[in-house]
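Peer 1: Have a look at this one.
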Amino acid sequence: MTSDPVDPYIFTSDSLPSDPRFMPPLTNGLLGWRVFDPIMHMGGVYNGEGGTCHRGNIPCPLAVQMKIAEVGRHTYKLDMHTGVFSHSVVTPRFEAAQVLYAHRQQTNLLVMEVLLKRSETSTEPVTIQLESSFKPQSDDIVFQSAPDYKGGRHVFGQTVSSEVPGGIRPFVHLIWTPITSTLTLSPDQSQSSWVFLVAVAGSDESVRLCYETGLGLIDTGDLRPSHLRSWAELWKGSSIEVEGAESLNRALIGCMFYLLSSFPSLREEANAPVEFGGVSPGGLSNGSKEEDYHGHVFWDQDTWMYPSVALFYPRLARAALEYRAGTIEGARANAQQVGYKGLKFAWESAVMGRDVCPEDIYAEQELHINGDVVLAFQQYFYLTQDLEMFREGRGNEVVWGVADYWVSRVTWDPTEQQYHIKGVIPPDEYYFTVDNSVFTNAVAQRSLQFAVELSGLLGHTPPPAWQDVADKIKIPFDPELKYHPEFDGYTQGSGVKQADVVLLGYPLAMSMTPEVRRNDLEAYEAVTDPLGPAMTWGMFALGWFELGDAERAQKLLQKCFRNIQKPFQVWSESADGSGCVNFLTGMGGFLQAVLFGYTGFRVQKEHLAFAPLLPQEVDALSVKGVSYLGNEMDWLIKSVEVSVSVRKPAEEESGSQAPSALQVVLNTGTTIPLIPGQSVTFPQQPGQIRKVNSGSYCWPV
């Protein structure tokens, strides 16, 4: 791999990965495609019933590789500034470039551009081959031809089966620009370019509108510029970079790029508005039958990917919450099916919310997903104070429905005088049918407490059982060894798969002494599978940052680099390259380790806490676009000082609700007001970002 010595957002190579699984995915929250692959996917399009449900394979007309007869220098480049992949060839006679991108604003469009440029005066034509592996057929969708539209080929079809009997089988329509097998630069041309569009939508009307929009953008010269503007807007609102550690900096940029690519556009599309289909462990580019968890949505979205996005973009965070709210009916049916009340969110979900996990035991026992979902809603509320999401967006139904489930699921133990949750699989999936998983019980407790809190805010009288169960649920603890056993009967020293008990400190923020936190970390770090899933070591690192041991934390974080596959920063689930690819779960855990570890950010009920701590190899950390109570903040953390500035609101936002006035409150007692457009600097120490008062700040004019 080679890389731009100046720009850490650009990754180049003179060859493609030997394993095609590690080709870069190009996604935009609706469409997902692995470069040059004959298959793409569309959010919300699944085929197969129950445990056979998987992302429906859609043939991709851009499965084209550029070939030339002459010897030339080949360069493959992924520009993460712009979400553009290119293959360029330079020969003595000419230059050729093939450019590919999933349009960031017009998310129903995939684009290929080809440019030929003559390097010397010649009377000979220049011809390149376009070698296609595209076939307009699929095992998941029965396609048929429709009349051409404005020069584009058109096929459409419906998935073979629904995820539940009698459920919806979505339609898929494709219109694409026909691609010839050769392109030629005639002798009288010094250069020429061609643009090929693929439009994908769920109806004839929508796909025609999308294709027509693409043609219009070509005519005005705004097809790629509009895509670039959308990526520029994303990066302006969210970036995390370090100085002094180049490989770490590139890893962070790669993680943020692929994570942002998986979420929808910041701006609504008028042509073909669609509901966001959630984020699966391998993203939209993966998830075919028997591949990468079938494209299902797990706790990975809510626990591992969501927090880093929510800290920057409330709108994108809300899209993830709305996906969960859209599966309420399925969650209610899941609970009723096993004889309980309320909502039981699926361990693996697709569109309707019924559990589509291929193995029943996981669907039955991985109950912590319920608490994970509520925790995401709680974090969103603490970051935004957006009660509308709970009044009108069905957030209250989610939170209260989960509370009802927990109350119906617990059993009372008269001997211990505590509530138990029996027969579960903890996050550590090496164990089945255990009682009182400490993480499951703790996340249930937290979701019950938030249900009570939300009731007060919305004028709802909560059932007394919510608070009673929250107060009396068992949280396993060994008072002699002063640590938390993973579940009843766990023997200290037994091997574990992944981060589990360590999640009590973060993200659950369970109250415990530093001694207990340290004991938990040491007990489980020593016995965690070294080939376990990639997100694990980031959580151990976070724990050591909490305890002030930055160097030990950084050593654990370094383990994650084994999961990053060259040359395009595509993660594998396991360090040996096996498992799920484009493993967004691991990327999310890694991002959180830095974003919440180096900064000490903790999203609390009435403040955003911080406790900065950098390892020796990092000179500075820049985090731009942190969103809190309607404000956007930029942070620069150095070894001895911290600078924070609140951005002035953009003019286009002038009509929106005024953000809350903020202040820095240091643990030493010092209070520093944050004035929009001005930066404040203070010695590196813990503190909080708080509202100045209950009112809103009136921006000076």
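All residue names refer to the structure tokens as shown: chains lettered A, B, ... in order, residues numbered from 1 in each chain, ligands numbered from 1 in order.
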Which residues come within 9 Å of Gln616 of chain A, counting only C-alpha atoms, excluding same-chain residues fewer than 2 positions away, as a ChimeraX atom specification?
Peer 2: /A:550-551,614,618-619,639
Peer 1: Those residues with C-alpha atoms, as an mmCIF file, in the first residue's frame please?
Peer 2:
```cif
data_model
loop_
_atom_site.group_PDB
_atom_site.id
_atom_site.type_symbol
_atom_site.label_atom_id
_atom_site.label_comp_id
_atom_site.auth_asym_id
_atom_site.auth_seq_id
_atom_site.Cartn_x
_atom_site.Cartn_y
_atom_site.Cartn_z
ATOM 1 C CA ALA A 550 -3.188 5.868 29.178
ATOM 2 C CA GLU A 551 -0.250 3.695 28.140
ATOM 3 C CA LEU A 614 -3.669 11.446 25.886
ATOM 4 C CA VAL A 618 -0.356 11.403 20.570
ATOM 5 C CA ASP A 619 0.554 15.095 20.559
ATOM 6 C CA SER A 639 -1.023 17.192 26.843
#
```
Peer 1: Please list as a PyMOL selection string every residue within 9 Å of Glu366 of chain A, counting only C-alpha atoms and excluding residues in the same chain fewer than 5 positions away.
Peer 2: chain A and resi 346-347+361+424-427+429+440
Peer 1: Report as number ranges by chain all protein, DNA and RNA residues lying within 7 Å of Tyr76 of chain A, evaluated on only C-alpha atoms, omitting residues in the same chain fewer than 3 positions from it.
Peer 2: A: 12-15, 86-88
Peer 1: Could you save the residues just selected, with C-alpha atoms, as a PDB file, in the first residue's frame?
Peer 2:
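Dumped to part.pdb:
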```
ATOM      1  CA  THR A  12      -3.808   4.494  -2.844  1.00  0.00           C
ATOM      2  CA  SER A  13      -2.386   1.248  -4.132  1.00  0.00           C
ATOM      3  CA  ASP A  14      -0.885  -0.065  -7.341  1.00  0.00           C
ATOM      4  CA  SER A  15      -2.882  -3.274  -6.991  1.00  0.00           C
ATOM      5  CA  SER A  86     -10.881   5.680  -8.885  1.00  0.00           C
ATOM      6  CA  HIS A  87      -8.760   3.475 -11.109  1.00  0.00           C
ATOM      7  CA  SER A  88      -6.339   5.431 -13.242  1.00  0.00           C
TER       8      SER A  88
END
```
Peer 1: Select, from A:Lys67, A:Lys648, A:Arg224, A:Lys472, the residue with the minimum atom-to-atom distance to Tyr419 of chain A, counting only C-alpha atoms.
Peer 2: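 Nearest candidate to Tyr419 of chain A out of A:Lys67, A:Lys648, A:Arg224, A:Lys472: A:Lys472.
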Peer 1: What lies within 6 Å of Ala320 of chain A using only C-alpha atoms, ignoring chain neighbours under 3 positions off, as a list in words?
Peer 2: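 Counting only the stated atoms, we get Gly278, Ala317 and Tyr323 of chain A.
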Peer 1: From a DSSP calculation on the backbone, collect every residue of segment 78-323 of chain A in alpha helix (DSSP H) and output the set as a CSV table (one decimal) with N, CA, C and O atoms, in the first residue's frame.
Peer 2:
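Final output, result.csv:
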```csv
chain,number,residue,atom,x,y,z
A,204,ASP,N,-41.9,2.4,-10.1
A,204,ASP,CA,-41.6,2.9,-11.4
A,204,ASP,C,-41.5,4.4,-11.4
A,204,ASP,O,-40.6,5.0,-12.0
A,205,GLU,N,-42.4,5.0,-10.7
A,205,GLU,CA,-42.4,6.5,-10.7
A,205,GLU,C,-41.2,7.0,-10.0
A,205,GLU,O,-40.5,7.9,-10.5
A,206,SER,N,-40.8,6.4,-8.9
A,206,SER,CA,-39.6,6.9,-8.2
A,206,SER,C,-38.3,6.7,-9.0
A,206,SER,O,-37.5,7.6,-9.0
A,207,VAL,N,-38.2,5.5,-9.6
A,207,VAL,CA,-36.9,5.3,-10.3
A,207,VAL,C,-36.8,6.2,-11.5
A,207,VAL,O,-35.7,6.6,-11.8
A,208,ARG,N,-37.9,6.5,-12.2
A,208,ARG,CA,-37.8,7.4,-13.3
A,208,ARG,C,-37.4,8.8,-12.8
A,208,ARG,O,-36.6,9.5,-13.5
A,209,LEU,N,-38.0,9.3,-11.7
A,209,LEU,CA,-37.7,10.6,-11.2
A,209,LEU,C,-36.2,10.6,-10.8
A,209,LEU,O,-35.5,11.6,-11.0
A,210,CYS,N,-35.7,9.6,-10.2
A,210,CYS,CA,-34.3,9.5,-9.8
A,210,CYS,C,-33.4,9.6,-11.0
A,210,CYS,O,-32.4,10.3,-11.0
A,211,TYR,N,-33.7,8.8,-12.0
A,211,TYR,CA,-32.8,8.7,-13.2
A,211,TYR,C,-32.9,10.1,-13.9
A,211,TYR,O,-31.8,10.6,-14.3
A,212,GLU,N,-34.0,10.7,-13.9
A,212,GLU,CA,-34.2,12.0,-14.6
A,212,GLU,C,-33.4,13.0,-13.8
A,212,GLU,O,-32.8,13.9,-14.4
A,213,THR,N,-33.4,12.9,-12.5
A,213,THR,CA,-32.7,13.9,-11.7
A,213,THR,C,-31.2,13.7,-12.0
A,213,THR,O,-30.5,14.7,-12.1
A,214,GLY,N,-30.7,12.5,-12.1
A,214,GLY,CA,-29.3,12.3,-12.4
A,214,GLY,C,-28.9,12.9,-13.8
A,214,GLY,O,-27.9,13.5,-14.0
A,215,LEU,N,-29.8,12.7,-14.8
A,215,LEU,CA,-29.6,13.2,-16.1
A,215,LEU,C,-29.5,14.8,-16.0
A,215,LEU,O,-28.7,15.4,-16.7
A,216,GLY,N,-30.4,15.3,-15.2
A,216,GLY,CA,-30.4,16.8,-15.1
A,216,GLY,C,-29.1,17.3,-14.5
A,216,GLY,O,-28.6,18.3,-14.9
A,217,LEU,N,-28.6,16.6,-13.5
A,217,LEU,CA,-27.4,17.0,-12.8
A,217,LEU,C,-26.2,16.8,-13.8
A,217,LEU,O,-25.2,17.6,-13.8
A,218,ILE,N,-26.2,15.9,-14.7
A,218,ILE,CA,-25.2,15.7,-15.7
A,218,ILE,C,-25.3,17.0,-16.7
A,218,ILE,O,-24.2,17.6,-17.0
A,219,ASP,N,-26.5,17.3,-17.1
A,219,ASP,CA,-26.6,18.5,-18.0
A,219,ASP,C,-26.1,19.8,-17.4
A,219,ASP,O,-25.6,20.6,-18.1
A,220,THR,N,-26.3,20.0,-16.1
A,220,THR,CA,-25.9,21.2,-15.4
A,220,THR,C,-24.4,21.1,-14.9
A,220,THR,O,-23.9,22.1,-14.4
A,223,LEU,N,-23.4,16.8,-11.2
A,223,LEU,CA,-23.5,15.5,-10.7
A,223,LEU,C,-22.5,15.2,-9.6
A,223,LEU,O,-22.8,14.9,-8.4
A,224,ARG,N,-21.2,15.2,-10.0
A,224,ARG,CA,-20.2,15.0,-9.0
A,224,ARG,C,-20.1,16.2,-8.0
A,224,ARG,O,-19.9,15.9,-6.8
A,225,PRO,N,-20.1,17.4,-8.4
A,225,PRO,CA,-20.0,18.5,-7.4
A,225,PRO,C,-21.1,18.4,-6.3
A,225,PRO,O,-20.8,18.7,-5.2
A,226,SER,N,-22.3,18.0,-6.6
A,226,SER,CA,-23.3,17.9,-5.6
A,226,SER,C,-23.0,16.8,-4.6
A,226,SER,O,-23.2,16.9,-3.4
A,227,HIS,N,-22.4,15.7,-5.1
A,227,HIS,CA,-21.9,14.6,-4.3
A,227,HIS,C,-20.8,15.1,-3.4
A,227,HIS,O,-20.8,14.8,-2.1
A,228,LEU,N,-19.9,15.9,-3.9
A,228,LEU,CA,-18.7,16.4,-3.2
A,228,LEU,C,-19.2,17.3,-2.1
A,228,LEU,O,-18.7,17.3,-1.0
A,229,ARG,N,-20.2,18.1,-2.4
A,229,ARG,CA,-20.7,19.1,-1.4
A,229,ARG,C,-21.3,18.4,-0.2
A,229,ARG,O,-21.1,18.8,1.0
A,230,SER,N,-22.0,17.3,-0.5
A,230,SER,CA,-22.6,16.5,0.6
A,230,SER,C,-21.6,15.9,1.5
A,230,SER,O,-21.7,15.9,2.8
A,231,TRP,N,-20.5,15.4,0.9
A,231,TRP,CA,-19.4,14.8,1.8
A,231,TRP,C,-18.7,15.9,2.5
A,231,TRP,O,-18.3,15.8,3.7
A,232,ALA,N,-18.5,17.1,1.9
A,232,ALA,CA,-17.9,18.2,2.6
A,232,ALA,C,-18.7,18.6,3.8
A,232,ALA,O,-18.2,18.9,4.9
A,233,GLU,N,-20.0,18.6,3.6
A,233,GLU,CA,-20.9,19.0,4.7
A,233,GLU,C,-20.8,18.0,5.9
A,233,GLU,O,-20.8,18.4,7.1
A,234,LEU,N,-20.7,16.7,5.5
A,234,LEU,CA,-20.6,15.7,6.6
A,234,LEU,C,-19.3,15.9,7.4
A,234,LEU,O,-19.3,15.8,8.6
A,235,TRP,N,-18.2,16.1,6.6
A,235,TRP,CA,-16.9,16.2,7.3
A,235,TRP,C,-16.8,17.5,8.1
A,235,TRP,O,-16.1,17.6,9.2
A,236,LYS,N,-17.4,18.5,7.6
A,236,LYS,CA,-17.4,19.8,8.4
A,236,LYS,C,-18.1,19.6,9.7
A,236,LYS,O,-17.7,20.2,10.7
A,237,GLY,N,-19.1,18.8,9.8
A,237,GLY,CA,-19.9,18.6,11.0
A,237,GLY,C,-19.4,17.5,11.9
A,237,GLY,O,-19.9,17.3,13.0
A,246,GLU,N,0.5,8.7,12.9
A,246,GLU,CA,-0.1,8.7,11.6
A,246,GLU,C,-1.0,7.5,11.4
A,246,GLU,O,-2.1,7.6,10.8
A,247,SER,N,-0.6,6.3,11.8
A,247,SER,CA,-1.4,5.1,11.5
A,247,SER,C,-2.7,5.2,12.3
A,247,SER,O,-3.8,4.8,11.8
A,248,LEU,N,-2.6,5.7,13.5
A,248,LEU,CA,-3.9,5.9,14.3
A,248,LEU,C,-4.8,6.9,13.6
A,248,LEU,O,-6.0,6.7,13.6
A,249,ASN,N,-4.2,8.0,13.2
A,249,ASN,CA,-5.0,9.0,12.5
A,249,ASN,C,-5.7,8.5,11.3
A,249,ASN,O,-6.9,8.7,11.1
A,250,ARG,N,-5.0,7.7,10.5
A,250,ARG,CA,-5.7,7.1,9.3
A,250,ARG,C,-6.7,6.1,9.7
A,250,ARG,O,-7.8,6.0,9.0
A,251,ALA,N,-6.5,5.3,10.7
A,251,ALA,CA,-7.5,4.4,11.2
A,251,ALA,C,-8.8,5.1,11.6
A,251,ALA,O,-9.9,4.6,11.3
A,252,LEU,N,-8.6,6.2,12.4
A,252,LEU,CA,-9.8,6.9,12.8
A,252,LEU,C,-10.6,7.5,11.6
A,252,LEU,O,-11.8,7.4,11.6
A,253,ILE,N,-9.9,8.0,10.7
A,253,ILE,CA,-10.5,8.6,9.5
A,253,ILE,C,-11.3,7.5,8.7
A,253,ILE,O,-12.4,7.7,8.3
A,254,GLY,N,-10.6,6.3,8.6
A,254,GLY,CA,-11.3,5.2,7.9
A,254,GLY,C,-12.5,4.8,8.6
A,254,GLY,O,-13.6,4.6,8.0
A,255,CYS,N,-12.5,4.7,9.9
A,255,CYS,CA,-13.6,4.2,10.7
A,255,CYS,C,-14.8,5.2,10.5
A,255,CYS,O,-15.9,4.8,10.3
A,256,MET,N,-14.4,6.5,10.6
A,256,MET,CA,-15.5,7.5,10.6
A,256,MET,C,-16.1,7.5,9.2
A,256,MET,O,-17.3,7.7,9.0
A,257,PHE,N,-15.3,7.4,8.1
A,257,PHE,CA,-15.7,7.4,6.8
A,257,PHE,C,-16.7,6.3,6.5
A,257,PHE,O,-17.9,6.5,6.0
A,258,TYR,N,-16.4,5.0,6.9
A,258,TYR,CA,-17.3,3.9,6.6
A,258,TYR,C,-18.5,4.0,7.5
A,258,TYR,O,-19.6,3.6,7.0
A,259,LEU,N,-18.4,4.5,8.7
A,259,LEU,CA,-19.6,4.6,9.5
A,259,LEU,C,-20.5,5.7,9.0
A,259,LEU,O,-21.8,5.4,8.9
A,260,LEU,N,-20.0,6.9,8.6
A,260,LEU,CA,-20.9,7.9,8.1
A,260,LEU,C,-21.5,7.4,6.8
A,260,LEU,O,-22.7,7.8,6.5
A,261,SER,N,-20.8,6.6,6.0
A,261,SER,CA,-21.3,6.1,4.7
A,261,SER,C,-22.6,5.3,4.9
A,261,SER,O,-23.4,5.1,4.0
A,299,TRP,N,-27.7,-5.6,18.1
A,299,TRP,CA,-27.3,-4.6,19.1
A,299,TRP,C,-26.1,-3.8,18.6
A,299,TRP,O,-25.8,-2.7,19.2
A,306,TYR,N,-23.8,3.5,17.0
A,306,TYR,CA,-24.6,4.7,17.2
A,306,TYR,C,-23.9,5.8,18.0
A,306,TYR,O,-24.0,7.0,17.7
A,307,PRO,N,-23.2,5.4,19.2
A,307,PRO,CA,-22.7,6.5,20.0
A,307,PRO,C,-21.8,7.5,19.3
A,307,PRO,O,-21.9,8.7,19.6
A,308,SER,N,-20.9,7.1,18.5
A,308,SER,CA,-20.0,8.0,17.8
A,308,SER,C,-20.8,8.9,16.8
A,308,SER,O,-20.4,10.1,16.6
A,309,VAL,N,-21.8,8.4,16.2
A,309,VAL,CA,-22.6,9.2,15.3
A,309,VAL,C,-23.5,10.2,16.0
A,309,VAL,O,-23.6,11.4,15.7
A,310,ALA,N,-24.1,9.7,17.1
A,310,ALA,CA,-25.0,10.5,17.9
A,310,ALA,C,-24.3,11.8,18.5
A,310,ALA,O,-24.9,12.8,18.6
A,314,PRO,N,-27.3,14.6,15.6
A,314,PRO,CA,-28.6,14.2,16.2
A,314,PRO,C,-29.6,13.7,15.1
A,314,PRO,O,-30.3,12.8,15.4
A,315,ARG,N,-29.5,14.3,13.9
A,315,ARG,CA,-30.5,13.9,12.9
A,315,ARG,C,-30.2,12.4,12.4
A,315,ARG,O,-31.1,11.6,12.2
A,316,LEU,N,-28.9,12.1,12.3
A,316,LEU,CA,-28.6,10.7,11.9
A,316,LEU,C,-28.9,9.7,13.1
A,316,LEU,O,-29.3,8.6,12.8
A,317,ALA,N,-28.6,10.2,14.3
A,317,ALA,CA,-29.0,9.4,15.5
A,317,ALA,C,-30.5,9.1,15.5
A,317,ALA,O,-30.9,8.0,15.8
A,318,ARG,N,-31.2,10.1,15.2
A,318,ARG,CA,-32.7,9.9,15.2
A,318,ARG,C,-33.1,8.9,14.2
A,318,ARG,O,-34.1,8.2,14.4
A,319,ALA,N,-32.4,8.9,13.0
A,319,ALA,CA,-32.8,7.9,12.0
A,319,ALA,C,-32.6,6.5,12.5
A,319,ALA,O,-33.5,5.7,12.2
A,320,ALA,N,-31.6,6.3,13.3
A,320,ALA,CA,-31.4,4.9,13.9
A,320,ALA,C,-32.5,4.6,14.9
A,320,ALA,O,-33.0,3.5,14.9
A,321,LEU,N,-32.9,5.6,15.7
A,321,LEU,CA,-34.0,5.4,16.6
A,321,LEU,C,-35.3,5.2,15.9
A,321,LEU,O,-36.2,4.4,16.3
A,322,GLU,N,-35.6,5.9,14.8
A,322,GLU,CA,-36.8,5.7,14.0
A,322,GLU,C,-36.9,4.4,13.4
A,322,GLU,O,-38.0,3.8,13.3
A,323,TYR,N,-35.7,3.8,13.1
A,323,TYR,CA,-35.7,2.4,12.6
A,323,TYR,C,-36.3,1.5,13.7
A,323,TYR,O,-37.1,0.7,13.4
```
Peer 1: Quick one: of A:Arg118, A:Arg517, A:Arg55, A:His41, who's nearest to Leu174 of chain A, counting only C-alpha atoms?
Peer 2: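 The closest residue to Leu174 of chain A is A:His41.
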Peer 1: Can you pull out every residue within 10 Å of Val373 of chain A, counting only C-alpha atoms, but drop anything in the same chain fewer than 5 positions away, and send it as a ChimeraX atom specification?
Peer 2: /A:298-299,301-303,320-321,324-325,345,368,378,398-399,402,443,447
Peer 1: Deliver the residues from the most recent selection as a file, using all heavy atoms, as a short mmCIF file (atom, residue, chain, number, x, y, z; two decimals), in the first residue's frame.
Peer 2:
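Produced file again04.cif, reproduced below:
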```
data_model
loop_
_atom_site.label_atom_id
_atom_site.label_comp_id
_atom_site.auth_asym_id
_atom_site.auth_seq_id
_atom_site.Cartn_x
_atom_site.Cartn_y
_atom_site.Cartn_z
N PHE A 298 -28.44 -5.84 14.54
CA PHE A 298 -28.24 -6.38 15.89
C PHE A 298 -28.10 -5.24 16.89
O PHE A 298 -28.26 -4.07 16.56
CB PHE A 298 -26.93 -7.19 15.96
CG PHE A 298 -26.89 -8.48 15.19
CD1 PHE A 298 -26.84 -8.49 13.81
CD2 PHE A 298 -26.82 -9.70 15.85
CE1 PHE A 298 -26.74 -9.67 13.10
CE2 PHE A 298 -26.73 -10.89 15.15
CZ PHE A 298 -26.69 -10.88 13.78
N TRP A 299 -27.65 -5.61 18.12
CA TRP A 299 -27.28 -4.60 19.12
C TRP A 299 -26.06 -3.80 18.64
O TRP A 299 -25.77 -2.73 19.19
CB TRP A 299 -27.01 -5.24 20.47
CG TRP A 299 -25.69 -6.00 20.61
CD1 TRP A 299 -25.18 -6.93 19.77
CD2 TRP A 299 -24.76 -5.88 21.69
NE1 TRP A 299 -23.98 -7.42 20.26
CE2 TRP A 299 -23.70 -6.80 21.44
CE3 TRP A 299 -24.71 -5.13 22.86
CZ2 TRP A 299 -22.61 -6.96 22.30
CZ3 TRP A 299 -23.63 -5.29 23.72
CH2 TRP A 299 -22.60 -6.19 23.45
N GLN A 301 -25.71 -2.00 16.10
CA GLN A 301 -26.11 -0.65 15.72
C GLN A 301 -26.21 0.25 16.94
O GLN A 301 -25.65 1.35 16.98
CB GLN A 301 -27.45 -0.68 15.00
CG GLN A 301 -28.04 0.72 14.78
CD GLN A 301 -29.43 0.72 14.23
OE1 GLN A 301 -29.62 0.73 13.03
NE2 GLN A 301 -30.43 0.73 15.11
N ASP A 302 -26.92 -0.19 17.96
CA ASP A 302 -27.27 0.68 19.08
C ASP A 302 -26.12 0.88 20.06
O ASP A 302 -25.97 1.97 20.63
CB ASP A 302 -28.47 0.07 19.82
CG ASP A 302 -29.56 -0.36 18.85
OD1 ASP A 302 -30.37 0.48 18.46
OD2 ASP A 302 -29.58 -1.55 18.48
N THR A 303 -25.30 -0.16 20.26
CA THR A 303 -24.24 -0.10 21.27
C THR A 303 -22.90 0.29 20.68
O THR A 303 -22.13 1.02 21.32
CB THR A 303 -24.12 -1.47 21.97
OG1 THR A 303 -25.37 -1.79 22.57
CG2 THR A 303 -23.03 -1.45 23.02
N ALA A 320 -31.59 6.26 13.29
CA ALA A 320 -31.42 4.93 13.87
C ALA A 320 -32.53 4.62 14.87
O ALA A 320 -33.03 3.49 14.94
CB ALA A 320 -30.05 4.82 14.55
N LEU A 321 -32.93 5.63 15.65
CA LEU A 321 -34.02 5.42 16.61
C LEU A 321 -35.35 5.20 15.89
O LEU A 321 -36.18 4.39 16.33
CB LEU A 321 -34.13 6.64 17.54
CG LEU A 321 -32.88 7.03 18.33
CD1 LEU A 321 -33.20 8.17 19.28
CD2 LEU A 321 -32.32 5.84 19.10
N ARG A 324 -35.78 1.69 14.90
CA ARG A 324 -36.28 0.85 16.00
C ARG A 324 -37.76 1.10 16.26
O ARG A 324 -38.54 0.16 16.46
CB ARG A 324 -35.47 1.12 17.27
CG ARG A 324 -34.04 0.59 17.23
CD ARG A 324 -34.00 -0.91 17.09
NE ARG A 324 -32.65 -1.45 17.20
CZ ARG A 324 -32.32 -2.71 16.96
NH1 ARG A 324 -33.25 -3.57 16.55
NH2 ARG A 324 -31.08 -3.12 17.09
N ALA A 325 -38.18 2.35 16.24
CA ALA A 325 -39.59 2.66 16.46
C ALA A 325 -40.46 2.03 15.38
O ALA A 325 -41.60 1.61 15.64
CB ALA A 325 -39.81 4.17 16.51
N PHE A 345 -37.43 -6.58 21.50
CA PHE A 345 -36.78 -6.29 20.23
C PHE A 345 -35.98 -7.49 19.76
O PHE A 345 -35.39 -8.22 20.55
CB PHE A 345 -35.91 -5.04 20.34
CG PHE A 345 -36.71 -3.78 20.31
CD1 PHE A 345 -37.10 -3.16 21.49
CD2 PHE A 345 -37.10 -3.22 19.10
CE1 PHE A 345 -37.87 -2.01 21.47
CE2 PHE A 345 -37.88 -2.07 19.07
CZ PHE A 345 -38.26 -1.46 20.26
N HIS A 368 -30.49 -8.78 26.26
CA HIS A 368 -29.91 -7.46 26.54
C HIS A 368 -30.17 -6.47 25.41
O HIS A 368 -30.06 -5.25 25.61
CB HIS A 368 -28.42 -7.57 26.85
CG HIS A 368 -27.58 -8.09 25.73
ND1 HIS A 368 -27.10 -7.27 24.74
CD2 HIS A 368 -27.10 -9.33 25.46
CE1 HIS A 368 -26.37 -7.99 23.90
NE2 HIS A 368 -26.35 -9.25 24.30
N GLN A 378 -32.01 6.96 25.37
CA GLN A 378 -31.65 7.78 26.52
C GLN A 378 -30.47 8.71 26.17
O GLN A 378 -30.50 9.91 26.50
CB GLN A 378 -31.28 6.89 27.70
CG GLN A 378 -30.99 7.65 28.98
CD GLN A 378 -30.67 6.71 30.13
OE1 GLN A 378 -30.26 5.58 29.91
NE2 GLN A 378 -30.85 7.17 31.36
N VAL A 398 -41.39 2.85 22.86
CA VAL A 398 -40.22 1.98 22.94
C VAL A 398 -39.79 1.82 24.40
O VAL A 398 -39.63 0.70 24.91
CB VAL A 398 -39.07 2.54 22.09
CG1 VAL A 398 -37.78 1.78 22.37
CG2 VAL A 398 -39.42 2.48 20.61
N VAL A 399 -39.59 2.93 25.07
CA VAL A 399 -39.05 2.91 26.43
C VAL A 399 -40.01 2.22 27.39
O VAL A 399 -39.61 1.37 28.20
CB VAL A 399 -38.72 4.34 26.89
CG1 VAL A 399 -38.25 4.35 28.34
CG2 VAL A 399 -37.66 4.96 25.98
N VAL A 402 -40.43 -1.61 26.65
CA VAL A 402 -39.32 -2.41 27.16
C VAL A 402 -39.43 -2.57 28.68
O VAL A 402 -39.17 -3.65 29.23
CB VAL A 402 -37.98 -1.78 26.76
CG1 VAL A 402 -36.82 -2.42 27.52
CG2 VAL A 402 -37.76 -1.93 25.25
N VAL A 443 -28.29 -3.45 32.36
CA VAL A 443 -28.89 -2.64 31.30
C VAL A 443 -30.42 -2.64 31.44
O VAL A 443 -31.08 -1.64 31.11
CB VAL A 443 -28.43 -3.12 29.91
CG1 VAL A 443 -29.20 -4.35 29.43
CG2 VAL A 443 -28.54 -2.00 28.89
N SER A 447 -32.66 0.80 31.90
CA SER A 447 -33.80 1.12 31.04
C SER A 447 -35.07 1.32 31.86
O SER A 447 -35.91 2.16 31.51
CB SER A 447 -33.99 0.05 29.96
OG SER A 447 -34.13 -1.23 30.51
#
```
Peer 1: Would you list the contacts of Phe312 of chain A as a PDB file with N, CA, C and O atoms, in the first residue's frame, taking every protein, DNA or RNA residue within 6 Å and counting only C-alpha atoms, but skipping same-chain residues closer than 3 positions in sequence?
Peer 2:
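Writing done, so here's result18.pdb:
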```pdb
ATOM      1  N   SER A 238     -18.321  16.742  11.435  1.00  0.00           N
ATOM      2  CA  SER A 238     -17.835  15.634  12.263  1.00  0.00           C
ATOM      3  C   SER A 238     -16.452  15.216  11.802  1.00  0.00           C
ATOM      4  O   SER A 238     -16.303  14.729  10.685  1.00  0.00           O
ATOM      5  N   VAL A 309     -21.784   8.406  16.175  1.00  0.00           N
ATOM      6  CA  VAL A 309     -22.582   9.216  15.253  1.00  0.00           C
ATOM      7  C   VAL A 309     -23.478  10.177  16.026  1.00  0.00           C
ATOM      8  O   VAL A 309     -23.611  11.356  15.674  1.00  0.00           O
ATOM      9  N   GLY A 625     -17.202  19.366  15.732  1.00  0.00           N
ATOM     10  CA  GLY A 625     -18.619  19.152  15.449  1.00  0.00           C
ATOM     11  C   GLY A 625     -19.399  18.462  16.543  1.00  0.00           C
ATOM     12  O   GLY A 625     -20.516  17.997  16.292  1.00  0.00           O
ATOM     13  N   VAL A 626     -18.862  18.396  17.752  1.00  0.00           N
ATOM     14  CA  VAL A 626     -19.590  17.749  18.856  1.00  0.00           C
ATOM     15  C   VAL A 626     -20.899  18.499  19.089  1.00  0.00           C
ATOM     16  O   VAL A 626     -20.907  19.718  19.308  1.00  0.00           O
ATOM     17  N   SER A 627     -21.992  17.768  19.022  1.00  0.00           N
ATOM     18  CA  SER A 627     -23.318  18.386  19.113  1.00  0.00           C
ATOM     19  C   SER A 627     -23.895  18.173  20.505  1.00  0.00           C
ATOM     20  O   SER A 627     -24.038  17.037  20.966  1.00  0.00           O
TER      21      SER A 627
END
```
